[in-house]
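Here is the file entry21.cif (mmCIF, C-alpha atoms).
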```
data_work
#
loop_
_atom_site.group_PDB
_atom_site.id
_atom_site.type_symbol
_atom_site.label_atom_id
_atom_site.label_comp_id
_atom_site.auth_asym_id
_atom_site.auth_seq_id
_atom_site.Cartn_x
_atom_site.Cartn_y
_atom_site.Cartn_z
ATOM 1 C CA MET I 1 -28.202 59.704 -4.188
ATOM 2 C CA THR I 2 -27.988 56.737 -6.558
ATOM 3 C CA ASN I 3 -24.813 58.166 -8.048
ATOM 4 C CA SER I 4 -23.056 58.164 -4.663
ATOM 5 C CA VAL I 5 -24.243 54.593 -3.919
ATOM 6 C CA SER I 6 -22.882 53.371 -7.239
ATOM 7 C CA LYS I 7 -19.557 55.091 -6.522
ATOM 8 C CA ILE I 8 -19.334 53.389 -3.122
ATOM 9 C CA LEU I 9 -20.146 49.993 -4.680
ATOM 10 C CA ALA I 10 -17.568 50.595 -7.426
ATOM 11 C CA ALA I 11 -14.925 51.492 -4.824
ATOM 12 C CA LEU I 12 -15.784 48.405 -2.773
ATOM 13 C CA LEU I 13 -15.578 46.195 -5.860
ATOM 14 C CA ALA I 14 -12.231 47.760 -6.797
ATOM 15 C CA VAL I 15 -10.840 47.032 -3.329
ATOM 16 C CA LEU I 16 -12.041 43.433 -3.549
ATOM 17 C CA LEU I 17 -10.520 42.902 -6.973
ATOM 18 C CA LEU I 18 -7.242 44.718 -6.321
ATOM 19 C CA TYR I 19 -6.439 43.530 -2.797
ATOM 20 C CA VAL I 20 -8.631 40.741 -1.453
ATOM 21 C CA TYR I 21 -8.731 38.421 -4.483
ATOM 22 C CA PRO I 22 -4.916 38.293 -4.926
ATOM 23 C CA ALA I 23 -4.504 37.664 -1.185
ATOM 24 C CA VAL I 24 -7.038 34.806 -1.296
ATOM 25 C CA GLU I 25 -5.307 33.262 -4.314
ATOM 26 C CA ALA I 26 -1.863 33.543 -2.678
ATOM 27 C CA ALA I 27 -3.185 31.896 0.490
ATOM 28 C CA GLY I 28 -4.728 29.099 -1.599
ATOM 29 C CA ARG I 29 -1.414 28.497 -3.365
ATOM 30 C CA GLN I 30 0.350 28.398 0.003
ATOM 31 C CA ASP I 31 -2.112 25.712 1.150
ATOM 32 C CA ASP I 32 -1.442 23.736 -2.024
ATOM 33 C CA LEU I 33 2.315 23.920 -1.416
ATOM 34 C CA SER I 34 1.859 22.875 2.217
ATOM 35 C CA ARG I 35 -0.354 19.969 1.159
ATOM 36 C CA LEU I 36 2.217 18.824 -1.422
ATOM 37 C CA THR I 37 5.112 19.170 1.026
ATOM 38 C CA THR I 38 3.177 17.247 3.683
ATOM 39 C CA TYR I 39 2.339 14.482 1.222
ATOM 40 C CA ASN I 40 5.976 14.184 0.116
ATOM 41 C CA THR I 41 7.216 14.153 3.726
ATOM 42 C CA VAL I 42 4.724 11.494 4.821
ATOM 43 C CA THR I 43 5.454 9.387 1.728
ATOM 44 C CA LYS I 44 9.202 9.583 2.291
ATOM 45 C CA PHE I 45 8.869 8.595 5.970
ATOM 46 C CA VAL I 46 6.436 5.716 5.369
ATOM 47 C CA ASP I 47 8.484 4.343 2.464
ATOM 48 C CA ALA I 48 11.656 4.469 4.599
ATOM 49 C CA VAL I 49 9.891 2.551 7.391
ATOM 50 C CA ARG I 50 8.456 0.011 4.942
ATOM 51 C CA THR I 51 11.853 -0.512 3.311
ATOM 52 C CA LYS I 52 13.916 -0.685 6.514
ATOM 53 C CA GLY I 53 11.382 -2.462 8.708
ATOM 54 C CA TYR I 54 11.947 -0.255 11.740
ATOM 55 C CA ILE I 55 11.523 3.255 13.168
ATOM 56 C CA THR I 56 14.202 5.028 15.196
ATOM 57 C CA PRO I 57 13.736 8.132 17.334
ATOM 58 C CA THR I 58 15.965 10.040 14.890
ATOM 59 C CA MET I 59 13.810 9.022 11.905
ATOM 60 C CA TYR I 60 10.640 10.157 13.687
ATOM 61 C CA GLU I 61 12.144 13.482 14.834
ATOM 62 C CA GLN I 62 13.386 14.259 11.312
ATOM 63 C CA PHE I 63 9.888 13.494 10.018
ATOM 64 C CA GLN I 64 8.388 15.931 12.564
ATOM 65 C CA GLU I 65 10.960 18.619 11.682
ATOM 66 C CA GLU I 66 10.144 18.355 7.970
ATOM 67 C CA LEU I 67 6.423 18.673 8.732
ATOM 68 C CA ALA I 68 7.108 21.778 10.841
ATOM 69 C CA LEU I 69 8.768 23.454 7.832
ATOM 70 C CA THR I 70 5.307 23.909 6.290
ATOM 71 C CA GLY I 71 4.450 26.386 9.066
ATOM 72 C CA ASN I 72 1.484 24.293 10.170
ATOM 73 C CA THR I 73 0.898 22.108 13.217
ATOM 74 C CA PHE I 74 -0.171 18.517 12.639
ATOM 75 C CA ASP I 75 -1.913 15.683 14.406
ATOM 76 C CA VAL I 76 0.076 12.610 13.331
ATOM 77 C CA LYS I 77 -1.360 9.118 13.800
ATOM 78 C CA LEU I 78 0.814 6.038 13.354
ATOM 79 C CA GLU I 79 -0.699 2.612 12.770
ATOM 80 C CA HIS I 80 1.116 -0.724 12.622
ATOM 81 C CA MET I 81 -0.869 -3.834 11.751
ATOM 82 C CA HIS I 82 1.128 -6.978 12.575
ATOM 83 C CA LYS I 83 0.114 -10.019 10.597
ATOM 84 C CA LYS I 84 0.147 -13.380 12.341
ATOM 85 C CA TYR I 85 -1.271 -16.782 11.540
ATOM 86 C CA VAL I 86 -3.468 -18.588 14.055
ATOM 87 C CA PRO I 87 -4.189 -22.321 13.680
ATOM 88 C CA GLU I 88 -7.847 -23.335 13.469
ATOM 89 C CA TYR I 89 -9.230 -26.038 15.761
ATOM 90 C CA THR I 90 -12.701 -27.518 15.897
ATOM 91 C CA ASP I 91 -12.259 -27.627 19.700
ATOM 92 C CA PRO I 92 -9.790 -24.969 20.900
ATOM 93 C CA MET I 93 -9.186 -26.912 24.122
ATOM 94 C CA ASN I 94 -7.998 -30.022 22.252
ATOM 95 C CA GLN I 95 -4.920 -29.714 20.029
ATOM 96 C CA ALA I 96 -5.741 -33.003 18.319
ATOM 97 C CA THR I 97 -8.671 -31.268 16.548
ATOM 98 C CA PHE I 98 -6.388 -29.145 14.336
ATOM 99 C CA THR I 99 -8.130 -28.667 10.970
ATOM 100 C CA GLY I 100 -4.920 -28.077 9.000
ATOM 101 C CA LYS I 101 -5.902 -24.485 8.258
ATOM 102 C CA PHE I 102 -4.550 -21.180 9.495
ATOM 103 C CA GLU I 103 -6.333 -17.856 9.792
ATOM 104 C CA ALA I 104 -4.481 -14.580 9.127
ATOM 105 C CA VAL I 105 -5.098 -12.110 11.971
ATOM 106 C CA LEU I 106 -3.934 -8.493 12.195
ATOM 107 C CA ASP I 107 -2.907 -7.111 15.608
ATOM 108 C CA GLY I 108 -3.033 -3.308 15.714
ATOM 109 C CA TYR I 109 -0.401 -1.122 17.383
ATOM 110 C CA TYR I 110 -0.955 2.615 17.493
ATOM 111 C CA ASP I 111 0.662 5.870 18.678
ATOM 112 C CA GLU I 112 0.759 4.974 22.346
ATOM 113 C CA GLN I 113 2.572 1.658 21.836
ATOM 114 C CA ILE I 114 4.933 2.960 19.124
ATOM 115 C CA MET I 115 5.873 6.152 21.031
ATOM 116 C CA GLY I 116 6.379 4.089 24.193
ATOM 117 C CA VAL I 117 9.178 2.205 22.425
ATOM 118 C CA LEU I 118 10.718 5.222 20.655
ATOM 119 C CA PHE I 119 10.579 7.624 23.604
ATOM 120 C CA PRO I 120 10.460 5.673 26.883
ATOM 121 C CA ASP I 121 10.336 7.435 30.242
ATOM 122 C CA ASN I 122 13.738 6.078 31.316
ATOM 123 C CA GLU I 123 17.183 7.476 30.514
ATOM 124 C CA MET I 124 18.207 5.180 27.648
ATOM 125 C CA SER I 125 20.759 6.533 25.211
ATOM 126 C CA ARG I 126 19.519 7.743 21.845
ATOM 127 C CA ASP I 127 21.239 4.877 20.007
ATOM 128 C CA ASP I 128 20.002 2.108 22.315
ATOM 129 C CA GLN I 129 18.533 -0.797 20.322
ATOM 130 C CA ALA I 130 15.641 -0.994 22.804
ATOM 131 C CA ARG I 131 14.414 2.351 21.373
ATOM 132 C CA VAL I 132 14.014 0.925 17.863
ATOM 133 C CA TYR I 133 10.429 0.023 16.948
ATOM 134 C CA LYS I 134 10.662 -3.094 14.766
ATOM 135 C CA LEU I 135 8.192 -4.265 12.157
ATOM 136 C CA THR I 136 8.084 -7.580 10.297
ATOM 137 C CA ALA I 137 7.947 -8.126 6.544
ATOM 138 C CA GLY I 138 4.295 -8.545 5.595
ATOM 139 C CA ASP I 139 3.033 -6.126 8.271
ATOM 140 C CA PHE I 140 1.153 -2.970 7.305
ATOM 141 C CA PHE I 141 2.242 0.527 8.323
ATOM 142 C CA ARG I 142 0.219 3.711 7.828
ATOM 143 C CA VAL I 143 0.528 7.379 8.786
ATOM 144 C CA THR I 144 -2.407 9.786 8.891
ATOM 145 C CA CYS I 145 -1.508 13.460 9.100
ATOM 146 C CA MET I 146 -4.005 16.328 9.573
ATOM 147 C CA ASN I 147 -3.297 19.983 10.255
ATOM 148 C CA THR I 148 -4.655 21.343 13.530
ATOM 149 C CA ASN I 149 -4.233 25.045 12.821
ATOM 150 C CA LYS I 150 -6.240 27.336 10.573
ATOM 151 C CA THR I 151 -4.312 28.268 7.468
ATOM 152 C CA PRO I 152 -4.603 31.750 5.938
ATOM 153 C CA ALA I 153 -6.797 30.276 3.177
ATOM 154 C CA ASP I 154 -9.124 28.853 5.853
ATOM 155 C CA LEU I 155 -9.370 32.267 7.495
ATOM 156 C CA PHE I 156 -10.198 33.969 4.181
ATOM 157 C CA LYS I 157 -12.872 31.358 3.428
ATOM 158 C CA GLU I 158 -14.425 31.883 6.855
ATOM 159 C CA TRP I 159 -14.382 35.652 6.402
ATOM 160 C CA LEU I 160 -15.717 35.729 2.845
ATOM 161 C CA LEU I 161 -18.231 32.899 3.122
ATOM 162 C CA LEU I 162 -19.212 33.517 6.751
ATOM 163 C CA ASP I 163 -18.587 29.827 7.395
ATOM 164 C CA GLN I 164 -16.693 28.231 10.293
ATOM 165 C CA GLY I 165 -15.067 25.607 8.053
ATOM 166 C CA ASN I 166 -15.323 21.861 8.146
ATOM 167 C CA GLY I 167 -12.042 20.776 9.717
ATOM 168 C CA SER I 168 -8.505 20.405 8.478
ATOM 169 C CA SER I 169 -7.571 21.622 5.025
ATOM 170 C CA ILE I 170 -4.446 19.435 4.850
ATOM 171 C CA HIS I 171 -5.137 15.735 5.267
ATOM 172 C CA VAL I 172 -2.669 13.040 4.143
ATOM 173 C CA ASN I 173 -3.128 9.305 4.592
ATOM 174 C CA TYR I 174 -0.404 6.979 3.268
ATOM 175 C CA GLY I 175 0.784 3.482 4.028
ATOM 176 C CA GLY I 176 1.498 0.022 2.748
ATOM 177 C CA MET I 177 3.069 -3.350 3.390
ATOM 178 C CA VAL I 178 6.468 -3.644 5.068
ATOM 179 C CA ILE I 179 8.783 -5.236 2.523
ATOM 180 C CA ASN I 180 12.052 -5.638 4.405
ATOM 181 C CA GLU I 181 13.645 -6.142 7.832
ATOM 182 C CA ASP I 182 17.069 -4.498 8.094
ATOM 183 C CA TYR I 183 17.620 -4.619 11.865
#
```
Produce structure tokens that represent the structure in this file.
Amino acid sequence: MTNSVSKILAALLAVLLLYVYPAVEAAGRQDDLSRLTTYNTVTKFVDAVRTKGYITPTMYEQFQEELALTGNTFDVKLEHMHKKYVPEYTDPMNQATFTGKFEAVLDGYYDEQIMGVLFPDNEMSRDDQARVYKLTAGDFFRVTCMNTNKTPADLFKEWLLLDQGNGSSIHVNYGGMVINEDY
């Protein structure tokens, strides 16, 4: 009886070592490659926006196409923080009370506002200047990208660890200050 149990355990261990472990490692490497590709794609897009000072529909679509090459689906969040200077007054209703100081304020623009400029509901041509989202030097631009699908490595982890996972396995957040205005 104990001999047959040990043979079954040995066969099960052999299957795990010969088939499951290499599959788990290959899936993990695929996740690493997807993470690296996503990071490079996001970095390239954000740096192009920061250098040029604008986003065109073509730039955004090429960014989405490069992300799709990883085989994953992504939730992409765009954030534009516009810096402006507001004068300080001791009495805001009286301009004569100007203190001589200015306060830097950041106005936030997000997906809804940016996509509304890039892809309006009307029939503008693709090259229309009204479809260019413009940023100003000194503004901040950031992209957050998270996968929405379960990767093969996620599925193996759920199966082996009997865990439902804790969210996305590919998460990239990159941004910085806009340094130029080429429009």
**OP:** For I:Val24, please output as a ChimeraX atom specification all residues within 10 Å (counting all atoms listed in the file; exclusion window: fewer than 5 positions along the same chain).
**Re:** /I:19,29-30,152-157,160
**OP:** To verify the selection step, state as a PyMOL selection string which residues the PyMOL selection byres ((chain I and resi 38) around 12) yields on this input.
**Re:** chain I and resi 31-37+39-45+63-76+143-147+169-174
Hey, what comes out of the PyMOL selection byres ((chain I and resi 80) around 7) on this file? Could you write it as a PDB file with C-alpha atoms, keeping the file's coordinate frame?
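Once written, result-v6.pdb looks like this:
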```pdb
ATOM      1  CA  LEU I  78       0.814   6.038  13.354  1.00  0.00           C
ATOM      2  CA  GLU I  79      -0.699   2.612  12.770  1.00  0.00           C
ATOM      3  CA  MET I  81      -0.869  -3.834  11.751  1.00  0.00           C
ATOM      4  CA  HIS I  82       1.128  -6.978  12.575  1.00  0.00           C
ATOM      5  CA  GLY I 108      -3.033  -3.308  15.714  1.00  0.00           C
ATOM      6  CA  TYR I 109      -0.401  -1.122  17.383  1.00  0.00           C
ATOM      7  CA  TYR I 110      -0.955   2.615  17.493  1.00  0.00           C
ATOM      8  CA  PHE I 140       1.153  -2.970   7.305  1.00  0.00           C
ATOM      9  CA  PHE I 141       2.242   0.527   8.323  1.00  0.00           C
ATOM     10  CA  ARG I 142       0.219   3.711   7.828  1.00  0.00           C
TER      11      ARG I 142
END
```
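Ranking I:Ile114, I:Glu158, I:Glu181, I:Asn149 by their shortest atom-to-atom distance to I:Thr56, with only C-alpha atoms included, puts I:Ile114 first.
Using all atoms listed in the file for every distance, the candidate list I:Ala10, I:Val105, I:Val49, I:Val178 yields I:Val105 as the residue closest to I:Glu88.
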Original post:
Between I:Ala23, I:Asp111, I:Leu12, I:Val117, which is the closest to I:Lys134 once you count only C-alpha atoms?
Top reply: I:Val117
**OP:** Name the residues that the PyMOL selection byres ((chain I and resi 129) around 12) picks from the file above, as a list in words, using the file's chain letters and numbers.
**Re:** Tyr54, Ile55, Thr56, Pro57, Val117, Leu118, Met124, Ser125, Arg126, Asp127, Asp128, Ala130, Arg131, Val132, Tyr133, Lys134 and Tyr183 of chain I
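The closest residue to I:Ala137, picked from I:Leu18, I:Ala11, I:Val86, I:Gly176 and counting all atoms listed in the file, is I:Gly176.
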**OP:** Give as a ChimeraX atom specification the set of residues within 8 Å of the point (-6.3, -28.0, 9.5), where distances use the file's coordinates and all atoms listed in the file.
**Re:** /I:87-89,98-102
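Between atom CA of I:Glu103 and atom CA of I:Val46 the interatomic distance comes to 27.2 Å.
The shortest atom-to-atom distance to I:Gly28, with all atoms listed in the file taken into account, belongs to I:Thr151 out of I:Thr151, I:Met177, I:Tyr60, I:Thr90.
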Non-local contacts of I:Asp182 (9 Å; only C-alpha atoms; under 2 positions in same chain excluded) as a compact mmCIF listing (two decimals) with C-alpha atoms, in the coordinates of the input:
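Resulting contents of out-v1.txt:
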```txt
# COMPACT_ATOMS: atom_id res chain seq x y z
CA THR I 51 11.85 -0.51 3.31
CA LYS I 52 13.92 -0.68 6.51
CA GLY I 53 11.38 -2.46 8.71
CA TYR I 54 11.95 -0.26 11.74
CA ASN I 180 12.05 -5.64 4.40
```
Original post:
What does the distance from atom CA of I:Gln62 to atom CA of I:Gly138 come to in Å, to one decimal?
Top reply: 25.2 Å
